[in-house]
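Asker: Sending over upload-v1.txt (compact mmCIF, C-alpha atoms and all ligand atoms).
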```txt
# COMPACT_ATOMS: atom_id res chain seq x y z
CA MET C 5 -33.78 19.40 -24.24
CA SER C 6 -36.01 19.29 -21.18
CA ASP C 7 -36.22 22.19 -18.75
CA MET C 8 -34.65 20.11 -16.01
CA THR C 9 -31.60 21.73 -14.48
CA ILE C 10 -28.59 19.43 -14.16
CA ASP C 11 -26.38 20.45 -11.27
CA PHE C 12 -22.65 19.90 -11.49
CA ASN C 13 -22.66 18.10 -8.14
CA ARG C 14 -25.28 16.77 -5.71
CA PRO C 15 -24.53 15.13 -2.36
CA THR C 16 -26.23 11.77 -1.82
CA LEU C 17 -27.05 9.53 1.15
CA ALA C 18 -25.50 6.13 0.49
CA GLY C 19 -27.00 4.06 3.31
CA ASN C 20 -26.90 4.31 7.10
CA GLU C 21 -25.85 7.98 7.46
CA LEU C 22 -28.91 9.11 9.43
CA GLU C 23 -29.00 5.99 11.60
CA TYR C 24 -25.32 6.39 12.49
CA ILE C 25 -25.78 10.07 13.32
CA ARG C 26 -28.68 9.07 15.62
CA GLN C 27 -26.41 6.52 17.29
CA SER C 28 -23.67 9.08 17.76
CA LEU C 29 -26.20 11.42 19.44
CA GLU C 30 -27.35 8.59 21.71
CA ARG C 31 -23.78 7.97 22.80
CA ALA C 32 -23.55 11.65 23.73
CA HIS C 33 -20.08 11.85 22.22
CA LEU C 34 -20.22 14.59 19.59
CA SER C 35 -16.64 15.83 19.76
CA GLY C 36 -13.73 14.17 17.98
CA ASP C 37 -12.21 10.70 18.23
CA GLY C 38 -15.38 8.88 19.30
CA VAL C 39 -16.45 5.42 18.17
CA PHE C 40 -17.26 6.47 14.60
CA THR C 41 -13.99 8.34 14.10
CA LYS C 42 -12.15 5.20 15.20
CA ARG C 43 -14.16 3.08 12.79
CA CYS C 44 -13.29 5.48 9.97
CA HIS C 45 -9.59 5.25 10.91
CA ALA C 46 -9.81 1.46 10.84
CA TRP C 47 -11.60 1.44 7.48
CA LEU C 48 -8.97 3.66 5.87
CA GLU C 49 -6.04 1.77 7.39
CA ARG C 50 -7.45 -1.56 6.17
CA ARG C 51 -8.40 -0.24 2.76
CA LEU C 52 -5.01 1.38 2.15
CA GLY C 53 -2.80 -0.94 4.15
CA ALA C 54 -1.46 2.16 5.93
CA PRO C 55 -0.10 2.25 9.49
CA GLN C 56 -2.10 5.27 10.67
CA ALA C 57 -5.08 7.28 9.42
CA LEU C 58 -6.17 10.40 11.30
CA MET C 59 -9.50 12.02 10.49
CA THR C 60 -9.39 15.80 10.09
CA HIS C 61 -12.07 18.38 9.44
CA SER C 62 -10.83 18.89 5.87
CA CYS C 63 -8.14 17.92 3.41
CA THR C 64 -6.87 21.48 3.82
CA ALA C 65 -6.30 20.71 7.52
CA ALA C 66 -4.53 17.45 6.66
CA LEU C 67 -2.23 19.32 4.25
CA GLU C 68 -1.49 21.89 6.95
CA MET C 69 -0.58 19.06 9.32
CA ALA C 70 1.68 17.58 6.63
CA ALA C 71 3.45 20.93 6.28
CA LEU C 72 3.92 21.14 10.08
CA LEU C 73 5.22 17.56 10.20
CA THR C 74 7.67 18.23 7.36
CA ASP C 75 9.10 21.13 9.41
CA VAL C 76 9.37 23.48 6.45
CA GLY C 77 9.92 27.15 7.16
CA PRO C 78 11.00 30.45 5.60
CA GLY C 79 13.50 29.93 2.79
CA ASP C 80 12.44 26.33 2.18
CA GLU C 81 10.90 25.33 -1.15
CA VAL C 82 8.23 22.76 -1.95
CA ILE C 83 7.77 21.55 -5.52
CA MET C 84 4.17 21.14 -6.73
CA PRO C 85 1.98 21.77 -9.78
CA SER C 86 0.35 25.16 -10.36
CA PHE C 87 -2.72 23.35 -11.72
CA THR C 88 -4.21 22.52 -8.31
CA PHE C 89 -6.48 23.76 -5.56
CA VAL C 90 -5.22 26.64 -3.39
CA SER C 91 -4.88 24.45 -0.28
CA THR C 92 -1.93 22.51 -1.76
CA ALA C 93 0.12 25.73 -1.81
CA ASN C 94 -1.43 27.51 1.18
CA ALA C 95 -0.46 24.74 3.59
CA PHE C 96 3.22 25.46 2.97
CA VAL C 97 2.87 29.23 2.56
CA LEU C 98 1.36 29.32 6.07
CA ARG C 99 4.70 27.93 7.32
CA GLY C 100 6.62 30.62 5.42
CA ALA C 101 7.86 28.19 2.76
CA THR C 102 7.78 28.90 -0.99
CA PRO C 103 5.81 26.75 -3.44
CA VAL C 104 7.78 26.18 -6.64
CA PHE C 105 5.48 25.33 -9.54
CA VAL C 106 6.40 22.76 -12.16
CA ASP C 107 4.45 22.32 -15.41
CA ILE C 108 2.00 19.45 -15.96
CA ARG C 109 1.86 16.53 -18.39
CA PRO C 110 -0.48 17.03 -21.33
CA ASP C 111 -2.04 13.56 -20.95
CA THR C 112 -2.99 13.38 -17.25
CA LEU C 113 -2.60 17.05 -16.25
CA ASN C 114 -0.44 15.83 -13.36
CA ILE C 115 2.97 17.26 -12.45
CA ASP C 116 5.45 16.45 -15.23
CA GLU C 117 8.01 14.22 -13.52
CA ARG C 118 10.55 14.94 -16.28
CA LEU C 119 10.68 18.61 -15.21
CA ILE C 120 11.01 18.10 -11.45
CA GLU C 121 14.76 17.64 -11.22
CA ALA C 122 15.49 20.94 -12.97
CA ALA C 123 13.37 22.72 -10.34
CA ILE C 124 15.31 21.33 -7.37
CA THR C 125 17.58 23.78 -5.54
CA PRO C 126 19.59 23.47 -2.31
CA ARG C 127 16.47 24.83 -0.55
CA THR C 128 14.03 22.21 -1.83
CA ARG C 129 12.57 20.14 1.01
CA ALA C 130 9.63 18.25 -0.43
CA ILE C 131 7.64 17.32 -3.53
CA CYS C 132 3.88 17.62 -3.09
CA VAL C 133 2.11 15.70 -5.86
CA VAL C 134 -1.57 16.06 -6.78
CA HIS C 135 -3.37 13.13 -8.42
CA TYR C 136 -5.69 15.13 -10.66
CA ALA C 137 -9.10 13.56 -11.32
CA GLY C 138 -8.01 10.54 -9.25
CA VAL C 139 -5.40 9.55 -11.86
CA ALA C 140 -1.97 8.77 -10.40
CA CYS C 141 1.18 10.79 -10.95
CA ASP C 142 4.22 8.80 -12.10
CA MET C 143 5.09 7.64 -8.58
CA ASP C 144 7.99 5.41 -9.70
CA ALA C 145 9.86 8.32 -11.25
CA ILE C 146 8.92 10.78 -8.51
CA GLY C 147 9.88 8.35 -5.75
CA ALA C 148 13.28 7.83 -7.38
CA ILE C 149 13.91 11.59 -7.71
CA ALA C 150 12.91 12.19 -4.08
CA ALA C 151 15.19 9.40 -2.86
CA ARG C 152 18.11 10.69 -4.94
CA HIS C 153 17.80 14.21 -3.49
CA GLY C 154 16.66 13.33 0.03
CA LEU C 155 13.26 15.02 -0.35
CA ALA C 156 9.99 14.16 1.37
CA VAL C 157 7.05 13.13 -0.83
CA ILE C 158 3.61 14.37 0.20
CA GLU C 159 0.47 13.34 -1.68
CA ASP C 160 -2.45 15.69 -2.09
CA ALA C 161 -4.75 12.72 -2.66
CA ALA C 162 -7.90 14.82 -2.13
CA GLN C 163 -9.46 13.37 -5.29
CA ALA C 164 -7.82 9.96 -5.21
CA LEU C 165 -9.45 7.60 -2.69
CA MET C 166 -9.99 4.18 -4.37
CA SER C 167 -7.36 4.95 -7.03
CA ALA C 168 -4.15 3.00 -7.50
CA TYR C 169 -0.78 3.09 -9.26
CA ARG C 170 0.58 -0.28 -10.39
CA GLY C 171 -1.96 -1.89 -8.07
CA ARG C 172 -0.91 0.05 -4.96
CA PRO C 173 -3.48 2.49 -3.47
CA LEU C 174 -2.85 6.20 -3.89
CA GLY C 175 -2.28 7.80 -0.52
CA THR C 176 0.33 5.19 0.42
CA PHE C 177 3.29 6.55 -1.59
CA GLY C 178 4.08 9.72 0.35
CA ALA C 179 5.45 9.87 3.89
CA LEU C 180 2.19 11.80 4.40
CA SER C 181 -0.98 11.91 2.32
CA ALA C 182 -4.17 13.96 2.51
CA PHE C 183 -7.69 12.90 1.49
CA SER C 184 -10.84 15.03 1.22
CA PHE C 185 -14.44 14.14 2.05
CA HIS C 186 -15.81 17.49 0.93
CA GLU C 187 -19.24 17.10 -0.63
CA THR C 188 -17.79 17.40 -4.14
CA LYS C 189 -15.58 14.32 -3.70
CA ASN C 190 -16.45 10.63 -4.23
CA LEU C 191 -17.13 9.75 -0.57
CA ILE C 192 -18.31 12.62 1.57
CA SER C 193 -19.20 14.08 4.95
CA GLY C 194 -19.93 17.64 3.80
CA GLU C 195 -16.59 18.86 5.06
CA GLY C 196 -13.97 16.33 6.08
CA GLY C 197 -10.54 14.93 5.44
CA ALA C 198 -7.89 12.52 6.62
CA LEU C 199 -4.15 12.54 7.04
CA ILE C 200 -2.49 9.23 6.23
CA VAL C 201 0.81 8.79 8.06
CA ASN C 202 2.82 6.23 6.12
CA ASP C 203 6.11 6.97 7.89
CA PRO C 204 5.74 5.36 11.35
CA ALA C 205 8.32 7.77 12.77
CA LEU C 206 5.81 10.62 12.29
CA ILE C 207 2.77 9.04 13.98
CA THR C 208 3.25 10.29 17.56
CA ARG C 209 3.95 13.85 16.47
CA ALA C 210 0.98 13.77 14.07
CA GLU C 211 -1.32 12.83 16.96
CA ILE C 212 0.08 15.69 19.05
CA ILE C 213 -0.25 18.31 16.31
CA ARG C 214 -3.83 17.20 15.66
CA GLU C 215 -4.69 17.53 19.38
CA LYS C 216 -3.70 21.20 19.78
CA GLY C 217 -0.07 20.35 20.49
CA THR C 218 -0.90 18.18 23.52
CA ASN C 219 -0.19 14.53 24.30
CA ARG C 220 -3.89 13.93 24.95
CA ALA C 221 -3.95 10.87 22.64
CA ARG C 222 -1.35 9.16 24.84
CA PHE C 223 -3.29 10.18 27.97
CA LEU C 224 -6.50 8.63 26.58
CA ARG C 225 -4.60 5.38 25.95
CA GLY C 226 -3.36 5.45 29.56
CA GLU C 227 0.28 5.93 28.51
CA VAL C 228 0.73 9.12 30.57
CA ASN C 229 -1.25 10.13 33.68
CA LYS C 230 -1.97 13.71 32.63
CA TYR C 231 -1.81 15.55 29.37
CA THR C 232 -0.06 18.80 28.66
CA TRP C 233 1.22 21.14 25.95
CA VAL C 234 4.25 19.46 24.34
CA ASP C 235 4.55 20.87 20.79
CA VAL C 236 2.94 23.23 18.29
CA GLY C 237 -0.45 22.13 17.06
CA SER C 238 -4.01 23.13 16.35
CA SER C 239 -7.57 21.79 16.40
CA TYR C 240 -7.91 19.39 13.49
CA LEU C 241 -10.45 16.82 14.74
CA PRO C 242 -13.84 16.49 13.07
CA SER C 243 -16.97 15.92 15.16
CA ASP C 244 -17.84 12.24 15.63
CA MET C 245 -21.22 13.02 13.98
CA LEU C 246 -19.41 13.75 10.74
CA ALA C 247 -17.42 10.55 11.08
CA ALA C 248 -20.74 8.73 11.59
CA PHE C 249 -21.98 10.13 8.28
CA LEU C 250 -18.72 9.26 6.55
CA LEU C 251 -18.64 5.69 7.83
CA ALA C 252 -21.93 5.01 6.05
CA GLN C 253 -20.32 6.27 2.84
CA PHE C 254 -17.24 4.10 3.41
CA GLU C 255 -19.46 1.03 3.85
CA ASN C 256 -20.90 1.65 0.38
CA ALA C 257 -17.61 2.56 -1.26
CA GLU C 258 -17.58 -0.32 -3.78
CA ARG C 259 -21.13 0.29 -5.03
CA LEU C 260 -20.60 4.05 -5.26
CA ASP C 261 -17.34 3.45 -7.12
CA GLU C 262 -19.11 1.23 -9.67
CA GLU C 263 -21.89 3.80 -10.19
CA ARG C 264 -19.34 6.52 -10.76
CA HIS C 265 -17.44 4.44 -13.31
CA ALA C 266 -20.70 3.66 -15.13
CA LEU C 267 -21.38 7.39 -15.54
CA TRP C 268 -17.79 8.11 -16.51
CA ASN C 269 -18.00 5.39 -19.17
CA VAL C 270 -21.24 6.82 -20.57
CA TYR C 271 -19.44 10.12 -21.18
CA HIS C 272 -16.28 8.46 -22.44
CA GLU C 273 -18.03 6.28 -25.02
CA ALA C 274 -20.52 8.88 -26.18
CA LEU C 275 -17.87 11.55 -26.70
CA ALA C 276 -15.45 9.31 -28.61
CA PRO C 277 -16.81 10.35 -32.04
CA LEU C 278 -16.28 14.04 -31.23
CA GLU C 279 -12.68 13.26 -30.27
CA GLU C 280 -12.23 11.28 -33.51
CA ARG C 281 -13.38 14.33 -35.44
CA GLY C 282 -10.77 16.42 -33.57
CA LEU C 283 -13.41 18.60 -31.88
CA LEU C 284 -12.42 17.87 -28.28
CA ARG C 285 -10.09 15.72 -26.22
CA ARG C 286 -11.19 13.19 -23.60
CA PRO C 287 -9.30 12.19 -20.42
CA GLN C 288 -6.34 9.84 -20.94
CA ILE C 289 -5.67 7.15 -18.34
CA PRO C 290 -2.19 5.56 -18.43
CA ALA C 291 -2.28 1.75 -18.31
CA GLU C 292 -0.59 1.62 -14.88
CA CYS C 293 -3.32 3.79 -13.29
CA ARG C 294 -6.56 2.53 -11.75
CA HIS C 295 -8.66 5.70 -11.50
CA ASN C 296 -11.78 6.38 -9.43
CA ALA C 297 -13.92 8.23 -11.97
CA HIS C 298 -13.70 11.28 -9.73
CA LEU C 299 -14.49 13.73 -12.47
CA TYR C 300 -15.07 13.81 -16.20
CA TYR C 301 -13.45 16.66 -18.06
CA VAL C 302 -13.03 17.51 -21.71
CA LEU C 303 -10.50 19.79 -23.39
CA ALA C 304 -11.87 22.09 -26.07
CA ARG C 305 -9.71 23.18 -28.99
CA THR C 306 -9.49 26.79 -27.81
CA ALA C 307 -10.31 28.83 -24.71
CA GLY C 308 -13.02 30.64 -26.69
CA GLU C 309 -14.64 27.38 -27.71
CA ARG C 310 -14.47 26.11 -24.10
CA ASN C 311 -16.21 29.26 -22.87
CA GLY C 312 -18.79 28.92 -25.63
CA LEU C 313 -19.47 25.32 -24.65
CA ILE C 314 -19.89 26.25 -20.97
CA ALA C 315 -22.33 29.01 -21.97
CA HIS C 316 -24.22 26.67 -24.31
CA LEU C 317 -24.59 24.05 -21.58
CA ARG C 318 -25.76 26.73 -19.15
CA THR C 319 -28.56 27.76 -21.51
CA SER C 320 -29.51 24.05 -21.59
CA GLY C 321 -29.72 24.10 -17.77
CA ILE C 322 -26.45 22.19 -17.34
CA GLN C 323 -23.73 23.32 -14.96
CA ALA C 324 -20.32 22.55 -16.43
CA PRO C 325 -17.62 24.57 -14.69
CA PHE C 326 -14.01 25.00 -15.71
CA HIS C 327 -11.39 24.11 -13.11
CA TYR C 328 -8.33 25.66 -11.54
CA VAL C 329 -7.09 29.11 -12.38
CA PRO C 330 -3.36 28.24 -12.31
CA LEU C 331 -1.95 29.29 -8.95
CA HIS C 332 1.11 31.00 -10.46
CA SER C 333 -1.20 33.44 -12.24
CA ALA C 334 -3.29 34.24 -9.12
CA PRO C 335 -2.54 37.34 -7.00
CA ALA C 336 -1.43 35.34 -3.94
CA GLY C 337 0.49 32.93 -6.13
CA ARG C 338 2.54 35.81 -7.56
CA ARG C 339 3.23 37.06 -4.02
CA TYR C 340 4.14 33.80 -2.28
CA SER C 341 5.46 31.38 -4.87
CA ARG C 342 7.47 31.09 -8.03
CA ALA C 343 7.25 29.18 -11.27
CA ALA C 344 10.01 26.84 -12.46
CA GLY C 345 10.01 27.49 -16.20
CA GLU C 346 7.25 28.53 -18.55
CA LEU C 347 4.29 26.40 -17.33
CA SER C 348 2.95 26.61 -20.88
CA VAL C 349 1.00 23.33 -20.69
CA THR C 350 -0.65 24.48 -17.45
CA THR C 351 -1.64 27.82 -18.98
CA ASP C 352 -2.90 26.24 -22.19
CA LEU C 353 -4.88 23.29 -20.83
CA SER C 354 -6.45 25.09 -17.85
CA ALA C 355 -7.98 27.58 -20.32
CA ARG C 356 -9.49 24.79 -22.46
CA LEU C 357 -10.85 22.46 -19.76
CA LEU C 358 -14.41 22.04 -18.55
CA ARG C 359 -15.97 19.46 -16.25
CA LEU C 360 -19.24 17.66 -16.84
CA PRO C 361 -21.86 16.93 -14.13
CA MET C 362 -21.00 13.81 -12.12
CA TRP C 363 -23.01 12.54 -9.16
CA TYR C 364 -24.76 9.41 -7.93
CA GLY C 365 -28.27 9.36 -9.36
CA LEU C 366 -27.46 11.53 -12.37
CA GLY C 367 -28.41 8.52 -14.50
CA ALA C 368 -30.10 9.51 -17.74
CA GLY C 369 -29.04 13.09 -17.10
CA ALA C 370 -25.62 12.10 -18.46
CA GLY C 371 -27.26 11.35 -21.83
CA GLN C 372 -28.82 14.79 -21.76
CA VAL C 373 -25.42 16.35 -21.11
CA VAL C 374 -23.91 14.42 -24.02
CA GLU C 375 -26.73 15.60 -26.33
CA ALA C 376 -26.13 19.19 -25.32
CA VAL C 377 -22.40 18.85 -26.05
CA GLN C 378 -23.15 17.28 -29.45
CA ASP C 379 -25.69 20.01 -30.13
CA PHE C 380 -23.04 22.67 -29.42
CA PHE C 381 -20.73 21.29 -32.08
CA ARG C 382 -23.62 20.85 -34.55
CA THR C 383 -24.71 24.46 -34.16
CA ALA C 384 -21.12 25.73 -34.00
CA HIS C 385 -20.50 23.92 -37.26
CA ALA C 386 -23.67 25.37 -38.75
CA ARG C 387 -22.65 28.85 -37.59
CA ALA C 388 -19.24 28.51 -39.16
CA ALA C 389 -20.78 27.20 -42.38
CA ALA C 390 -23.39 29.97 -42.33
CA THR C 391 -20.68 32.63 -42.08
CA ALA C 392 -18.47 31.06 -44.74
CA GLY C 393 -21.30 30.24 -47.08
CA HIS C 394 -23.36 33.36 -46.38
CA VAL C 395 -23.16 34.86 -49.86
CA ALA C 396 -23.63 31.55 -51.64
CA SER C 397 -26.60 30.53 -49.51
CA LYS C 398 -28.30 33.90 -50.04
CA ALA C 399 -27.99 33.47 -53.79
CA LEU C 400 -29.30 29.91 -53.50
CA ALA C 401 -32.29 31.05 -51.43
CA ARG C 402 -33.12 33.74 -54.03
CA HIS C 403 -32.90 31.15 -56.79
CA ARG C 404 -35.20 28.74 -54.91
CA ALA C 405 -37.71 31.51 -54.24
CA TRP C 406 -37.70 32.40 -57.92
CA VAL C 407 -38.31 28.76 -58.92
CA ARG C 408 -41.25 28.48 -56.52
CA SER C 409 -42.84 31.78 -57.52
CA ALA C 410 -42.46 30.79 -61.15
CA SER C 411 -44.38 27.58 -60.44
CA GLY C 412 -47.17 29.52 -58.70
CA GLU C 413 -46.31 28.39 -55.17
CA VAL C 414 -46.85 30.74 -52.20
CA LEU C 415 -43.56 32.20 -51.17
CA PRO C 416 -42.44 31.23 -47.70
CA ALA C 417 -41.01 33.81 -45.32
CA PRO C 418 -37.35 34.49 -46.16
CA PRO C 419 -34.97 32.22 -44.30
CA ALA C 420 -33.83 33.88 -41.11
CA THR C 421 -30.20 34.78 -40.83
CA PRO C 422 -28.59 32.68 -38.11
CA PRO C 423 -29.87 34.07 -34.78
CA ALA C 424 -27.50 35.78 -32.41
CA THR C 425 -26.86 32.73 -30.30
CA PRO C 426 -26.01 32.80 -26.61
CA HIS C 427 -23.28 30.27 -27.35
CA GLY C 428 -20.41 32.66 -26.85
CA ALA C 429 -17.45 32.97 -29.10
CA PRO C 430 -17.29 30.71 -32.17
CA PRO C 431 -14.19 28.58 -32.60
CA ALA C 432 -11.15 30.65 -33.41
C1 LIG B 501 -10.85 19.28 -2.76
C2 LIG B 501 -9.39 19.47 -2.80
C3 LIG B 501 -8.68 20.01 -1.71
C4 LIG B 501 -9.35 20.58 -0.49
O1 LIG B 501 -10.17 19.68 0.20
P1 LIG B 501 -11.01 20.20 1.46
O2 LIG B 501 -11.44 18.94 2.13
O3 LIG B 501 -12.16 20.99 0.92
O4 LIG B 501 -10.12 21.03 2.32
C5 LIG B 501 -7.30 20.08 -1.79
N1 LIG B 501 -6.64 19.67 -2.88
C6 LIG B 501 -7.28 19.18 -3.95
C7 LIG B 501 -6.50 18.71 -5.14
C8 LIG B 501 -8.68 19.06 -3.95
O5 LIG B 501 -9.31 18.58 -5.03
```
Can I see the file as structure tokens?
Ligand SMILES: *Cc1c(COP(=O)(O)O)cnc(C)c1O

Answerer:
Amino acid sequence: MSDMTIDFNRPTLAGNELEYIRQSLERAHLSGDGVFTKRCHAWLERRLGAPQALMTHSCTAALEMAALLTDVGPGDEVIMPSFTFVSTANAFVLRGATPVFVDIRPDTLNIDERLIEAAITPRTRAICVVHYAGVACDMDAIGAIAARHGLAVIEDAAQALMSAYRGRPLGTFGALSAFSFHETKNLISGEGGALIVNDPALITRAEIIREKGTNRARFLRGEVNKYTWVDVGSSYLPSDMLAAFLLAQFENAERLDEERHALWNVYHEALAPLEERGLLRRPQIPAECRHNAHLYYVLARTAGERNGLIAHLRTSGIQAPFHYVPLHSAPAGRRYSRAAGELSVTTDLSARLLRLPMWYGLGAGAGQVVEAVQDFFRTAHARAAATAGHVASKALARHRAWVRSASGEVLPAPPATPPATPHGAPPA
């Protein structure tokens, strides 16, 4: 291995970012809803075929807007997975509602649609799905359940821009959907997000909530002659400079998507033999899902082996983090939410998952990551064999030494016992 450090993530300029930021400075419009914000709205609406996109300063903000628009309050329940980022739950907890966690599917790590109905109570108001790793939840089944029980569907599509389910873009299934342009996502502006309003009846109120509870958007369109405080709301607009940066990323979306898939495929092909030997499990993509190569994860056989692999990669200069600590097991999760059932798949898989570096320009670095993973299993295997065969190999070494000394050869130094490796716990 070389001494080069391989970061888990690195933000990249895709094209005209700096030029567009210069243009936004020249226009002297740095606050929200300038020319570049409008161009980002148009790009998203065209790309998704959605009636209204609204840029926000984060996906967290878009989820908070979705919670406000859904009118949930104390006593109301929102069904979601526990295997997700804190913002999915926080958005509703801020309104006084209770997240109810449902277990995930072992193949996609998305909410298990077969368990949703059992978690519905008279207080359930919405189902908030999360498309983990940009792979779609079963939106047919979830849409049918929501319709049957009169529940709103909200998509936390933070990781899912450019993904689709049965050919339809993710972010267009919920009444409301939230995207993220945080620097760890596929298309970025450092911090950034968007709320997609698919239910036309919610558009006017969404504009008001985003503009501090005022009807300023209508005023700017000349629909009212002054603007005033008409509803609850907050400040959710990003600066037009950030939209300028993001537009340049949008314009290169296809190329960036292809590069990401190329990297994802390098991992997927190179790790197939380890999966065949039962040493790890690779991501599984259902046939009806078009994913966006957002992240590449592997599942180790045990939590101990996962931790050992992370530590081994770290000593090779490779950052490979695990992912969510399930929300139901976190201190705030225990205080503000409840679990529907055992969540045993969530608990099991979250402890065995790690993510591999994935960013534009990683290139040959992906091969280095693969080698380090292969090396871990080679040395882990050797360690296990060394422990099991310790006595036998000592006897063999003594025998070999005796044969050599008998033939007059100079004795080599005794074979070293396996070194105390920094690889962490061996497989259980
Ligand atoms: C990244 C992410 C978020 C938060 O996005 P921000 O833009 O950083 O607020 C929310 N949910 C999921 C599933 C995410 O991956």

Asker: What separation in Å, quoted to one decimal, exists between CA of Asp37 in chain C and CA of Glu68 in chain C?

Answerer: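 Between CA of Asp37 in chain C and CA of Glu68 in chain C the gap works out to 19.2 Å.
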
Asker: How would you write, as number ranges by chain, the set of residues no farther than 8 Å from ligand LIG 501 (chain B) when counting only C-alpha atoms and all ligand atoms?

Answerer: C: 61-67, 88-92, 134-136, 160-163, 183-186, 188-189, 195-197

Asker: Closest to Val97 in chain C among C:Ala276, C:Ala71, C:Ala344, C:Cys141, using all atoms listed in the file?

Answerer: C:Ala71

Asker: Could you tell me how far CA of Asn190 in chain C lies from CA of His298 in chain C, in Å and to one decimal?

Answerer: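 Interatomic distance here is 6.2 Å.
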
Asker: Using all atoms listed in the file, find each residue of range 35-130 of chain C with at least one atom at most 9 Å away from an atom of range 204-214 of chain C; report its shortest atom-to-atom pair and that distance in Å (one decimal), sort the rows by chain and rising residue number, and return the result as a tab-separated table.

Answerer:
```
residue	atom	partner	partner_atom	distance
C:Pro55	CA	C:Pro204	CA	6.9
C:Gln56	CA	C:Ile207	CA	7.0
C:Leu58	CA	C:Glu211	CA	7.8
C:Thr60	CA	C:Arg214	CA	8.0
C:Met69	CA	C:Ile213	CA	7.0
C:Ala70	CA	C:Ala210	CA	8.4
C:Leu72	CA	C:Ile213	CA	8.0
C:Leu73	CA	C:Ala210	CA	6.9
```

Asker: Need the neighbours of (-3.1, 0.4, -12.2): which residues are at most 7 Å away, counting all atoms listed in the file, as JSON, numbers by chain?

Answerer: {"C": [168, 169, 170, 171, 291, 292, 293, 294]}

Asker: Write out, as a compact mmCIF listing (two decimals), in the frame of the given file, the residues just selected, with C-alpha atoms.

Answerer:
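This went into again_14.txt:
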```
# COMPACT_ATOMS: atom_id res chain seq x y z
CA ALA C 168 -4.15 3.00 -7.50
CA TYR C 169 -0.78 3.09 -9.26
CA ARG C 170 0.58 -0.28 -10.39
CA GLY C 171 -1.96 -1.89 -8.07
CA ALA C 291 -2.28 1.75 -18.31
CA GLU C 292 -0.59 1.62 -14.88
CA CYS C 293 -3.32 3.79 -13.29
CA ARG C 294 -6.56 2.53 -11.75
```

Asker: Determine the nearest neighbour of Glu346 in chain C from the options C:Asp107, C:Asp142, C:Asp235, C:Asp116, counting only C-alpha atoms.

Answerer: C:Asp107

Asker: Tell me which protein, DNA and RNA residues are within 9 Å of Arg286 in chain C, counting all atoms listed in the file, leaving out same-chain ones fewer than 5 positions away, and put them as an MDAnalysis selection string.

Answerer: chainID C and resid 272 275:276 279 300:303

Asker: Figure out the distance between CA of Leu313 in chain C and CA of Arg356 in chain C, please, to one decimal in Å.

Answerer: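 Interatomic distance here is 10.2 Å.
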
Asker: So which one's closest to Ala343 in chain C, C:Ile192, C:Ala274, C:Val133, C:Val82? Using all atoms listed in the file, please.

Answerer: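 Comparing C:Ile192, C:Ala274, C:Val133, C:Val82 against Ala343 in chain C, the winner is C:Val82.
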